[in-house]
file model-v3.txt (compact mmCIF, C-alpha atoms)
# COMPACT_ATOMS: atom_id res chain seq x y z
CA MET A 149 0.00 0.00 0.00
CA ALA A 150 1.48 3.34 -1.14
CA ARG A 151 1.73 6.06 1.46
CA PRO A 152 -0.24 9.28 0.80
CA ARG A 153 1.64 12.44 -0.10
CA VAL A 154 0.58 14.14 3.08
CA PHE A 155 2.73 11.66 4.95
CA TYR A 156 5.93 12.97 3.37
CA GLY A 157 5.00 16.56 4.16
CA ALA A 158 4.25 15.60 7.77
CA ALA A 159 7.57 13.76 8.04
CA LEU A 160 9.45 16.82 6.70
CA LEU A 161 7.71 19.13 9.16
CA ALA A 162 8.45 16.69 11.99
CA GLY A 163 12.16 16.79 11.11
CA LEU A 164 12.22 20.57 11.01
CA SER A 165 10.33 20.73 14.31
CA LEU A 166 12.82 18.38 15.96
CA ILE A 167 15.81 20.38 14.75
CA TRP A 168 14.39 23.76 15.71
CA SER A 169 13.04 22.66 19.10
CA GLY A 170 16.30 20.91 19.94
CA TYR A 171 18.33 24.01 19.17
CA ALA A 172 15.95 26.43 20.88
CA ILE A 173 15.51 24.44 24.11
CA THR A 174 19.25 23.72 24.38
CA ASP A 175 20.02 27.42 23.93
CA LEU A 176 17.26 28.40 26.37
CA MET A 177 18.58 26.21 29.18
CA GLU A 178 22.26 27.09 28.59
CA SER A 179 23.30 23.69 29.98
CA GLY A 180 24.88 22.06 26.98
CA PRO A 181 24.13 18.33 26.64
CA PHE A 182 21.63 18.45 29.50
CA GLY A 183 19.49 20.97 27.67
CA LEU A 184 19.73 18.84 24.52
CA SER A 185 18.50 15.83 26.49
CA VAL A 186 15.41 17.78 27.53
CA ALA A 187 14.74 18.76 23.94
CA LEU A 188 15.20 15.15 22.74
CA ALA A 189 12.92 13.90 25.50
CA GLY A 190 10.12 16.18 24.33
CA ASP A 191 10.63 15.27 20.66
CA VAL A 192 10.84 11.51 21.27
CA GLY A 193 7.76 11.68 23.50
CA TRP A 194 5.84 13.49 20.77
CA LEU A 195 6.81 10.91 18.11
CA THR A 196 5.91 8.04 20.47
CA VAL A 197 2.49 9.54 21.09
CA LEU A 198 2.00 9.89 17.32
CA TRP A 199 2.78 6.18 16.87
CA ALA A 200 0.39 5.24 19.69
CA GLU A 201 -2.30 7.39 18.13
CA TYR A 202 -1.78 5.70 14.77
CA ARG A 203 -1.99 2.22 16.31
CA ARG A 204 -4.92 3.26 18.52
CA ILE A 205 -3.22 2.11 21.69
CA GLY A 206 -4.90 2.98 24.95
CA PRO A 207 -8.13 4.93 25.42
CA ARG A 208 -9.55 6.63 22.37
CA ARG A 209 -8.74 10.24 23.31
CA ALA A 210 -5.66 9.61 25.48
CA ALA A 211 -3.06 9.64 22.68
CA PRO A 212 -4.36 12.77 20.87
CA LEU A 213 -4.61 14.72 24.14
CA ALA A 214 -1.10 13.65 25.15
CA GLY A 215 0.25 14.67 21.72
CA TRP A 216 -1.29 18.12 21.93
CA ALA A 217 -0.05 18.56 25.50
CA ILE A 218 3.55 17.80 24.45
CA ALA A 219 3.26 20.03 21.37
CA LEU A 220 1.93 22.94 23.41
CA GLY A 221 4.67 22.46 26.03
CA VAL A 222 7.41 22.52 23.39
CA ALA A 223 5.74 25.55 21.76
CA LEU A 224 5.73 27.36 25.12
CA LEU A 225 9.47 26.71 25.56
CA LEU A 226 10.09 28.07 22.05
CA VAL A 227 8.09 31.23 22.89
CA LEU A 228 10.23 31.72 26.03
CA HIS A 229 13.35 31.28 23.90
CA GLY A 230 12.18 34.03 21.50
CA VAL A 231 11.29 36.35 24.37
CA ARG A 232 14.66 35.79 26.01
CA ALA A 233 16.42 36.45 22.74
CA GLU A 234 14.25 39.61 22.36
CA SER A 235 13.19 38.38 18.96
CA ALA A 236 9.47 38.49 18.11
CA ALA A 237 10.12 36.45 14.97
CA GLN A 238 11.60 33.57 16.97
CA ALA A 239 8.82 33.81 19.55
CA ILE A 240 6.22 33.42 16.76
CA ALA A 241 7.99 31.21 14.18
CA GLY A 242 9.34 28.72 16.69
CA PRO A 243 5.99 27.47 18.06
CA PHE A 244 4.46 27.88 14.58
CA VAL A 245 6.65 25.10 13.18
CA VAL A 246 5.72 22.72 16.03
CA LEU A 247 1.99 23.43 15.89
CA VAL A 248 1.84 23.17 12.10
CA GLY A 249 3.69 19.85 12.26
CA LYS A 250 1.20 18.54 14.83
CA ILE A 251 -1.77 19.60 12.69
CA VAL A 252 -0.31 18.06 9.52
CA TRP A 253 0.39 14.82 11.37
CA SER A 254 -3.28 14.63 12.37
CA PHE A 255 -4.26 14.56 8.70
CA ALA A 256 -1.41 12.18 7.85
CA LEU A 257 -2.50 9.67 10.49
CA ALA A 258 -6.07 9.80 9.18
CA ALA A 259 -4.80 9.20 5.64
CA LEU A 260 -2.60 6.28 6.72
CA ARG A 261 -5.50 4.38 8.26
CA ASP A 262 -7.38 1.80 6.19
CA PRO A 263 -10.87 3.09 5.37
CA ALA A 264 -12.22 -0.43 5.75
CA ALA A 265 -10.61 -0.84 9.18
CA LEU A 266 -12.82 -1.31 12.19
CA THR A 267 -13.68 1.62 14.37
CA PRO A 268 -12.38 1.69 17.92
CA GLU A 269 -15.86 0.88 19.19
CA GLN A 270 -16.09 -2.19 16.94
CA GLU A 271 -12.64 -3.36 17.94
CA ALA A 272 -13.57 -2.87 21.60
CA GLU A 273 -16.70 -4.96 21.05
CA ILE A 274 -14.66 -7.72 19.40
CA HIS A 275 -12.15 -7.61 22.22
CA GLU A 276 -14.96 -7.86 24.73
CA VAL A 277 -16.33 -10.96 22.96
CA MET A 278 -12.84 -12.46 22.95
CA ARG A 279 -12.44 -11.72 26.65
CA ASP A 280 -15.82 -13.31 27.41
CA SER A 281 -14.90 -16.37 25.35
CA GLU A 282 -11.54 -16.69 27.10
CA HIS A 283 -13.23 -16.26 30.47
CA ALA A 284 -15.78 -18.96 29.66
CA ALA A 285 -13.07 -21.35 28.46
CA ARG A 286 -10.95 -20.82 31.57
CA LEU A 287 -13.99 -21.13 33.81
CA HIS A 288 -14.93 -24.42 32.15
CA LEU A 289 -11.38 -25.67 32.53
CA ALA A 290 -11.33 -24.70 36.20
CA ARG A 291 -14.63 -26.50 36.79
CA ARG A 292 -13.31 -29.63 35.06
CA GLU A 293 -10.19 -29.56 37.20
CA GLN A 294 -12.34 -29.17 40.33
CA GLU A 295 -14.54 -32.10 39.27
CA GLN A 296 -11.44 -34.19 38.55
CA ARG A 297 -10.06 -33.44 42.00
CA GLN A 298 -13.38 -34.40 43.58
CA ALA A 299 -13.48 -37.62 41.55
CA ASP A 300 -9.92 -38.47 42.59
CA ALA A 301 -10.83 -37.87 46.23
CA THR A 302 -13.89 -40.12 45.90
CA ILE A 303 -11.84 -42.88 44.27
CA GLU A 304 -9.21 -42.61 46.98
CA ARG A 305 -11.90 -42.87 49.67
CA ILE A 306 -13.42 -45.96 47.99
CA GLN A 307 -10.00 -47.59 47.69
CA GLN A 308 -9.28 -46.87 51.34
CA GLN A 309 -12.58 -48.45 52.38
CA ALA A 310 -11.85 -51.45 50.16
CA ARG A 311 -8.42 -51.86 51.77
CA ILE A 312 -10.02 -51.76 55.23
CA THR A 313 -12.62 -54.38 54.21
CA LEU A 314 -9.89 -56.57 52.73
CA ALA A 315 -7.87 -56.33 55.94
CA ARG A 316 -10.91 -57.33 57.99
CA ASP A 317 -11.63 -60.29 55.70
CA ARG A 318 -8.01 -61.40 55.91
CA ALA A 319 -8.09 -61.19 59.71
CA ASP A 320 -11.34 -63.19 59.83
CA PHE A 321 -9.84 -65.79 57.51
CA ASP A 322 -6.71 -66.12 59.64
CA ILE A 323 -8.74 -66.47 62.83
CA THR A 324 -11.05 -69.08 61.26
CA LEU A 325 -8.08 -71.04 59.93
CA GLU A 326 -6.40 -70.95 63.32
CA ARG A 327 -9.57 -72.18 64.98
CA LEU A 328 -9.80 -75.08 62.53
CA GLU A 329 -6.17 -76.01 63.17
CA MET A 330 -6.73 -75.88 66.94
CA ARG A 331 -9.84 -78.04 66.63
CA ALA A 332 -7.93 -80.59 64.56
CA GLU A 333 -5.12 -80.58 67.12
CA ILE A 334 -7.61 -81.16 69.94
CA GLU A 335 -9.13 -84.10 68.05
CA ARG A 336 -5.67 -85.60 67.47
CA CYS A 337 -4.70 -85.28 71.13
CA SER A 338 -7.99 -86.51 72.62
CA PRO A 339 -8.04 -90.24 73.81
CA ILE A 340 -10.02 -92.92 71.99
CA ALA A 341 -13.57 -93.14 73.28
CA LEU A 342 -14.27 -96.58 74.74
CA ALA A 343 -17.42 -98.41 73.81
CA PRO A 344 -19.98 -98.51 76.62
CA ILE A 345 -19.94 -101.66 78.74
CA ALA A 346 -22.90 -103.86 78.00
CA GLN A 347 -25.11 -104.41 81.01
CA PRO A 348 -26.36 -107.94 81.72
CA GLU A 349 -29.88 -108.58 80.56
CA GLN A 350 -32.38 -108.21 83.36
CA ILE A 351 -34.90 -110.95 83.49
CA ALA A 352 -38.36 -109.91 84.52
CA ILE A 353 -39.80 -112.14 87.22
CA ASN A 354 -43.53 -112.59 87.58
CA PRO A 355 -45.76 -115.34 89.02
CA SER A 356 -46.02 -117.02 85.61
CA THR A 357 -42.26 -117.09 85.03
CA PRO A 358 -40.84 -120.56 85.63
CA PRO A 359 -38.03 -120.76 88.18
CA ILE A 360 -34.53 -120.38 86.86
CA ALA A 361 -32.33 -123.36 87.00
CA PRO A 362 -29.47 -123.02 89.42
CA SER A 363 -26.94 -123.87 86.70
CA THR A 364 -28.01 -120.86 84.58
CA LEU A 365 -27.74 -118.27 87.36
CA PRO A 366 -24.40 -116.46 87.53
CA THR A 367 -22.57 -117.26 90.69
CA GLU A 368 -20.52 -114.90 92.66
CA HIS A 369 -17.27 -116.40 91.40
CA THR A 370 -18.28 -116.90 87.72
CA PRO A 371 -16.65 -114.14 85.56
CA THR A 372 -19.01 -112.37 83.13
CA SER A 373 -18.17 -110.54 79.92
CA ALA A 374 -18.71 -107.20 81.63
CA ASN A 375 -16.43 -108.11 84.49
CA THR A 376 -13.87 -109.35 81.99
CA MET A 377 -13.91 -105.96 80.09
CA ILE A 378 -13.69 -104.03 83.33
CA GLU A 379 -10.76 -106.05 84.52
CA LEU A 380 -8.88 -105.84 81.17
CA PRO A 381 -6.61 -102.82 80.67
CA SER A 382 -7.66 -100.10 78.20
CA ILE A 383 -6.33 -99.84 74.68
CA ALA A 384 -4.61 -96.52 75.50
CA ASP A 385 -2.79 -98.05 78.48
CA LEU A 386 -1.73 -101.04 76.39
CA ALA A 387 -0.56 -98.72 73.63
CA ARG A 388 1.62 -96.69 75.99
CA GLU A 389 2.98 -99.88 77.52
CA HIS A 390 3.88 -101.58 74.22
CA VAL A 391 5.19 -98.41 72.56
CA ALA A 392 7.71 -98.15 75.35
CA SER A 393 8.75 -101.81 74.94
CA THR A 394 8.65 -102.23 71.12
CA ALA A 395 10.58 -100.60 68.34
CA THR A 396 7.90 -100.43 65.67
CA ASN A 397 4.20 -99.67 65.66
CA THR A 398 3.44 -102.96 63.92
CA ASP A 399 4.96 -105.01 66.74
CA ALA A 400 3.01 -102.99 69.29
CA VAL A 401 -0.27 -103.45 67.38
CA ASN A 402 0.29 -107.22 67.06
CA ALA A 403 1.05 -107.50 70.77
CA ILE A 404 -2.04 -105.55 71.79
CA CYS A 405 -4.31 -107.50 69.42
CA ALA A 406 -2.93 -110.72 70.84
CA ARG A 407 -3.74 -109.55 74.33
CA ARG A 408 -7.09 -108.03 73.39
CA PRO A 409 -8.52 -110.09 70.56
CA ASP A 410 -11.84 -108.29 70.93
CA ALA A 411 -10.30 -104.90 70.04
CA ASP A 412 -10.58 -103.31 66.57
CA ARG A 413 -7.21 -103.39 64.82
CA ALA A 414 -7.67 -99.93 63.19
CA SER A 415 -8.47 -98.37 66.57
CA VAL A 416 -5.47 -100.11 68.10
CA ALA A 417 -3.22 -98.84 65.32
CA ALA A 418 -4.51 -95.27 65.85
CA ALA A 419 -3.91 -95.53 69.59
CA VAL A 420 -0.37 -96.83 69.01
CA ARG A 421 0.44 -93.95 66.63
CA ARG A 422 -0.89 -91.42 69.09
CA ALA A 423 1.06 -92.98 71.95
CA ARG A 424 4.19 -92.99 69.78
CA ARG A 425 3.80 -89.27 68.98
CA ASN A 426 3.24 -88.45 72.64
CA ALA A 427 6.30 -90.45 73.62
CA ASP A 428 8.42 -88.69 70.97
CA GLY A 429 7.10 -85.35 72.17
CA MET A 430 8.15 -86.08 75.74
CA LYS A 431 11.61 -86.85 74.42
CA GLY A 432 11.85 -83.47 72.65
CA GLY A 433 10.24 -84.20 69.28
CA TYR A 434 7.01 -82.87 67.78
CA GLY A 435 4.00 -84.23 69.64

call {"tool": "encode", "arguments": {"input": "model-v3.txt", "output": "structure tokens"}}
result
Amino acid sequence: MARPRVFYGAALLAGLSLIWSGYAITDLMESGPFGLSVALAGDVGWLTVLWAEYRRIGPRRAAPLAGWAIALGVALLLVLHGVRAESAAQAIAGPFVVLVGKIVWSFALAALRDPAALTPEQEAEIHEVMRDSEHAARLHLARREQEQRQADATIERIQQQARITLARDRADFDITLERLEMRAEIERCSPIALAPIAQPEQIAINPSTPPIAPSTLPTEHTPTSANTMIELPSIADLAREHVASTATNTDAVNAICARRPDADRASVAAAVRRARRNADGMKGGYG
């Protein structure tokens, strides 16, 4: 895009204004480089405000007002320089160059802008929509992060409860297993239950019952089966006795069965094994 001709005129006036204001302010202050720095500060500030006005930076009227304030301040210093030099021409021509340059730059900036460009109000509206959209996006993101944190906390709480339940189940399992092992140990260590001793049959006597022959009545010295079982030693006692006197369980079982032919061989074998374990335990082994 070609620049308008007014731009070149404005640039030429800006150069002349910078040269004249720099000379006049430096001469007015009579401080050499320090006075030149003040002049350059005013000129650079004016050019910066022109650029901000062209780019529409800041509030709508801030840049134009700042540009006119700087231009009037420089013009006032140039008037003071003319008065001090007792020259009416310098007092009038000096600020004239600065003010004309400022006016020409106002037209140049208007010519440099694209006619199809958005107005400041339209750009402000677009910026407001963009801000609202950015605000909504960040708000949605913040809400999602909050929900994610809440979900993580819920999952952690559920996992903690599951770990507690698992620990309780494991403790219950260990206790139940220990109880079963103790019950089995009690059953292994308990003695063999002896069969109940059969009582002799009682014969009912009534007037119609014939008298019993004397040969069939048990005498005081005739041994009965019940008396025989009471007088015989128990299987457990025999097992302890023969375990102590035999080397193997088989020999002990054979000896007990020979002494008690009425005993069950499997029960005798179980009693011998139990007696053997108890004897080994008393000697220091596992009972």

call {"tool": "atom_distance", "arguments": {"input": "model-v3.txt", "atom1": "CA of Leu328 (chain A)", "atom2": "CA of Val391 (chain A)"}}
result
29.5 Å

call {"tool": "closest_atom_pairs", "arguments": {"input": "model-v3.txt", "of": "region 235-304 of chain A", "to": "region 170-194 of chain A", "cutoff": "10 Å", "atoms": "all atoms listed in the file", "output": "tab-separated table"}}
result
residue	atom	partner	partner_atom	distance
A:Gln238	CA	A:Ala172	CA	9.2
A:Gly242	CA	A:Ala172	CA	8.2
A:Lys250	CA	A:Trp194	CA	9.1

call {"tool": "closest_residue", "arguments": {"input": "model-v3.txt", "among": "A:Leu287, A:Ala319, A:Leu266, A:Ala384", "to": "Ser415 (chain A)", "atoms": "all atoms listed in the file"}}
result
A:Ala384

call {"tool": "atom_distance", "arguments": {"input": "model-v3.txt", "atom1": "CA of Ser254 (chain A)", "atom2": "CA of Ala214 (chain A)"}}
result
13.0 Å

call {"tool": "atom_distance", "arguments": {"input": "model-v3.txt", "atom1": "CA of Ser169 (chain A)", "atom2": "CA of Val246 (chain A)"}}
result
7.9 Å

call {"tool": "closest_residue", "arguments": {"input": "model-v3.txt", "among": "A:Leu257, A:Leu164, A:Arg151, A:Leu228", "to": "Ala200 (chain A)", "atoms": "all atoms listed in the file"}}
result
A:Leu257

call {"tool": "residues_around", "arguments": {"input": "model-v3.txt", "residues": "Gly157 (chain A)", "least_positions_apart": "6", "cutoff": "9 Å", "atoms": "all atoms listed in the file", "output": "ChimeraX atom specification"}}
result
/A:249,252-253,256

call {"tool": "closest_residue", "arguments": {"input": "model-v3.txt", "among": "A:Ala285, A:Ala417, A:Leu247, A:Ala233", "to": "Asn402 (chain A)", "atoms": "only C-alpha atoms"}}
result
A:Ala417

call {"tool": "residues_around", "arguments": {"input": "model-v3.txt", "residues": "Val248 (chain A)", "least_positions_apart": "5", "cutoff": "10 Å", "atoms": "only C-alpha atoms", "output": "MDAnalysis selection string"}}
result
chainID A and resid 158 161:162 165 219 243 253:254

call {"tool": "closest_residue", "arguments": {"input": "model-v3.txt", "among": "A:Ser281, A:Thr324, A:Ala241, A:Val197", "to": "Arg209 (chain A)", "atoms": "only C-alpha atoms"}}
result
A:Val197

call {"tool": "closest_residue", "arguments": {"input": "model-v3.txt", "among": "A:Glu282, A:Ala403, A:Thr267, A:Arg408", "to": "Ser382 (chain A)", "atoms": "all atoms listed in the file"}}
result
A:Arg408

call {"tool": "residues_around", "arguments": {"input": "model-v3.txt", "residues": "Ala259 (chain A)", "least_positions_apart": "6", "cutoff": "8 Å", "atoms": "all atoms listed in the file", "output": "list in words"}}
result
Pro152, Val154 and Phe155 of chain A

call {"tool": "closest_residue", "arguments": {"input": "model-v3.txt", "among": "A:Thr313, A:Thr398, A:Asn426, A:Thr196", "to": "Ala414 (chain A)", "atoms": "only C-alpha atoms"}}
result
A:Thr398

call {"tool": "decode", "arguments": {"input": "model-v3.txt", "residues": "region 194-278 of chain A", "atoms": "C-alpha atoms", "output": "PDB file, in the first residue's frame"}}
result
ATOM      1  CA  TRP A 194       5.844  13.488  20.771  1.00  0.00           C
ATOM      2  CA  LEU A 195       6.813  10.915  18.113  1.00  0.00           C
ATOM      3  CA  THR A 196       5.913   8.044  20.472  1.00  0.00           C
ATOM      4  CA  VAL A 197       2.494   9.536  21.090  1.00  0.00           C
ATOM      5  CA  LEU A 198       2.000   9.888  17.324  1.00  0.00           C
ATOM      6  CA  TRP A 199       2.781   6.183  16.869  1.00  0.00           C
ATOM      7  CA  ALA A 200       0.390   5.238  19.691  1.00  0.00           C
ATOM      8  CA  GLU A 201      -2.299   7.392  18.132  1.00  0.00           C
ATOM      9  CA  TYR A 202      -1.777   5.697  14.766  1.00  0.00           C
ATOM     10  CA  ARG A 203      -1.989   2.215  16.312  1.00  0.00           C
ATOM     11  CA  ARG A 204      -4.923   3.258  18.517  1.00  0.00           C
ATOM     12  CA  ILE A 205      -3.218   2.106  21.685  1.00  0.00           C
ATOM     13  CA  GLY A 206      -4.898   2.981  24.954  1.00  0.00           C
ATOM     14  CA  PRO A 207      -8.134   4.928  25.418  1.00  0.00           C
ATOM     15  CA  ARG A 208      -9.550   6.632  22.373  1.00  0.00           C
ATOM     16  CA  ARG A 209      -8.741  10.239  23.315  1.00  0.00           C
ATOM     17  CA  ALA A 210      -5.659   9.615  25.483  1.00  0.00           C
ATOM     18  CA  ALA A 211      -3.064   9.636  22.685  1.00  0.00           C
ATOM     19  CA  PRO A 212      -4.361  12.773  20.870  1.00  0.00           C
ATOM     20  CA  LEU A 213      -4.610  14.716  24.140  1.00  0.00           C
ATOM     21  CA  ALA A 214      -1.100  13.645  25.151  1.00  0.00           C
ATOM     22  CA  GLY A 215       0.254  14.668  21.716  1.00  0.00           C
ATOM     23  CA  TRP A 216      -1.295  18.115  21.930  1.00  0.00           C
ATOM     24  CA  ALA A 217      -0.047  18.564  25.502  1.00  0.00           C
ATOM     25  CA  ILE A 218       3.546  17.798  24.452  1.00  0.00           C
ATOM     26  CA  ALA A 219       3.265  20.025  21.368  1.00  0.00           C
ATOM     27  CA  LEU A 220       1.932  22.944  23.409  1.00  0.00           C
ATOM     28  CA  GLY A 221       4.665  22.457  26.025  1.00  0.00           C
ATOM     29  CA  VAL A 222       7.405  22.525  23.392  1.00  0.00           C
ATOM     30  CA  ALA A 223       5.745  25.547  21.757  1.00  0.00           C
ATOM     31  CA  LEU A 224       5.732  27.364  25.123  1.00  0.00           C
ATOM     32  CA  LEU A 225       9.470  26.711  25.556  1.00  0.00           C
ATOM     33  CA  LEU A 226      10.092  28.072  22.050  1.00  0.00           C
ATOM     34  CA  VAL A 227       8.092  31.229  22.887  1.00  0.00           C
ATOM     35  CA  LEU A 228      10.231  31.716  26.031  1.00  0.00           C
ATOM     36  CA  HIS A 229      13.354  31.275  23.899  1.00  0.00           C
ATOM     37  CA  GLY A 230      12.178  34.031  21.500  1.00  0.00           C
ATOM     38  CA  VAL A 231      11.289  36.347  24.374  1.00  0.00           C
ATOM     39  CA  ARG A 232      14.658  35.791  26.006  1.00  0.00           C
ATOM     40  CA  ALA A 233      16.417  36.448  22.741  1.00  0.00           C
ATOM     41  CA  GLU A 234      14.253  39.612  22.359  1.00  0.00           C
ATOM     42  CA  SER A 235      13.191  38.379  18.957  1.00  0.00           C
ATOM     43  CA  ALA A 236       9.475  38.490  18.111  1.00  0.00           C
ATOM     44  CA  ALA A 237      10.119  36.451  14.973  1.00  0.00           C
ATOM     45  CA  GLN A 238      11.603  33.566  16.967  1.00  0.00           C
ATOM     46  CA  ALA A 239       8.820  33.807  19.552  1.00  0.00           C
ATOM     47  CA  ILE A 240       6.219  33.418  16.763  1.00  0.00           C
ATOM     48  CA  ALA A 241       7.990  31.214  14.177  1.00  0.00           C
ATOM     49  CA  GLY A 242       9.337  28.717  16.686  1.00  0.00           C
ATOM     50  CA  PRO A 243       5.993  27.473  18.060  1.00  0.00           C
ATOM     51  CA  PHE A 244       4.460  27.884  14.582  1.00  0.00           C
ATOM     52  CA  VAL A 245       6.653  25.096  13.178  1.00  0.00           C
ATOM     53  CA  VAL A 246       5.717  22.724  16.025  1.00  0.00           C
ATOM     54  CA  LEU A 247       1.990  23.434  15.891  1.00  0.00           C
ATOM     55  CA  VAL A 248       1.844  23.167  12.098  1.00  0.00           C
ATOM     56  CA  GLY A 249       3.694  19.846  12.264  1.00  0.00           C
ATOM     57  CA  LYS A 250       1.196  18.542  14.828  1.00  0.00           C
ATOM     58  CA  ILE A 251      -1.772  19.599  12.688  1.00  0.00           C
ATOM     59  CA  VAL A 252      -0.314  18.060   9.521  1.00  0.00           C
ATOM     60  CA  TRP A 253       0.385  14.824  11.365  1.00  0.00           C
ATOM     61  CA  SER A 254      -3.277  14.634  12.374  1.00  0.00           C
ATOM     62  CA  PHE A 255      -4.258  14.556   8.697  1.00  0.00           C
ATOM     63  CA  ALA A 256      -1.407  12.179   7.854  1.00  0.00           C
ATOM     64  CA  LEU A 257      -2.503   9.669  10.485  1.00  0.00           C
ATOM     65  CA  ALA A 258      -6.073   9.797   9.183  1.00  0.00           C
ATOM     66  CA  ALA A 259      -4.800   9.201   5.636  1.00  0.00           C
ATOM     67  CA  LEU A 260      -2.602   6.280   6.719  1.00  0.00           C
ATOM     68  CA  ARG A 261      -5.501   4.377   8.258  1.00  0.00           C
ATOM     69  CA  ASP A 262      -7.377   1.800   6.189  1.00  0.00           C
ATOM     70  CA  PRO A 263     -10.869   3.088   5.367  1.00  0.00           C
ATOM     71  CA  ALA A 264     -12.216  -0.434   5.747  1.00  0.00           C
ATOM     72  CA  ALA A 265     -10.612  -0.842   9.178  1.00  0.00           C
ATOM     73  CA  LEU A 266     -12.821  -1.312  12.189  1.00  0.00           C
ATOM     74  CA  THR A 267     -13.678   1.615  14.366  1.00  0.00           C
ATOM     75  CA  PRO A 268     -12.378   1.688  17.921  1.00  0.00           C
ATOM     76  CA  GLU A 269     -15.860   0.875  19.189  1.00  0.00           C
ATOM     77  CA  GLN A 270     -16.091  -2.188  16.939  1.00  0.00           C
ATOM     78  CA  GLU A 271     -12.644  -3.364  17.942  1.00  0.00           C
ATOM     79  CA  ALA A 272     -13.565  -2.867  21.595  1.00  0.00           C
ATOM     80  CA  GLU A 273     -16.704  -4.955  21.055  1.00  0.00           C
ATOM     81  CA  ILE A 274     -14.663  -7.716  19.401  1.00  0.00           C
ATOM     82  CA  HIS A 275     -12.153  -7.612  22.218  1.00  0.00           C
ATOM     83  CA  GLU A 276     -14.965  -7.859  24.733  1.00  0.00           C
ATOM     84  CA  VAL A 277     -16.331 -10.959  22.961  1.00  0.00           C
ATOM     85  CA  MET A 278     -12.839 -12.464  22.945  1.00  0.00           C
TER      86      MET A 278
END
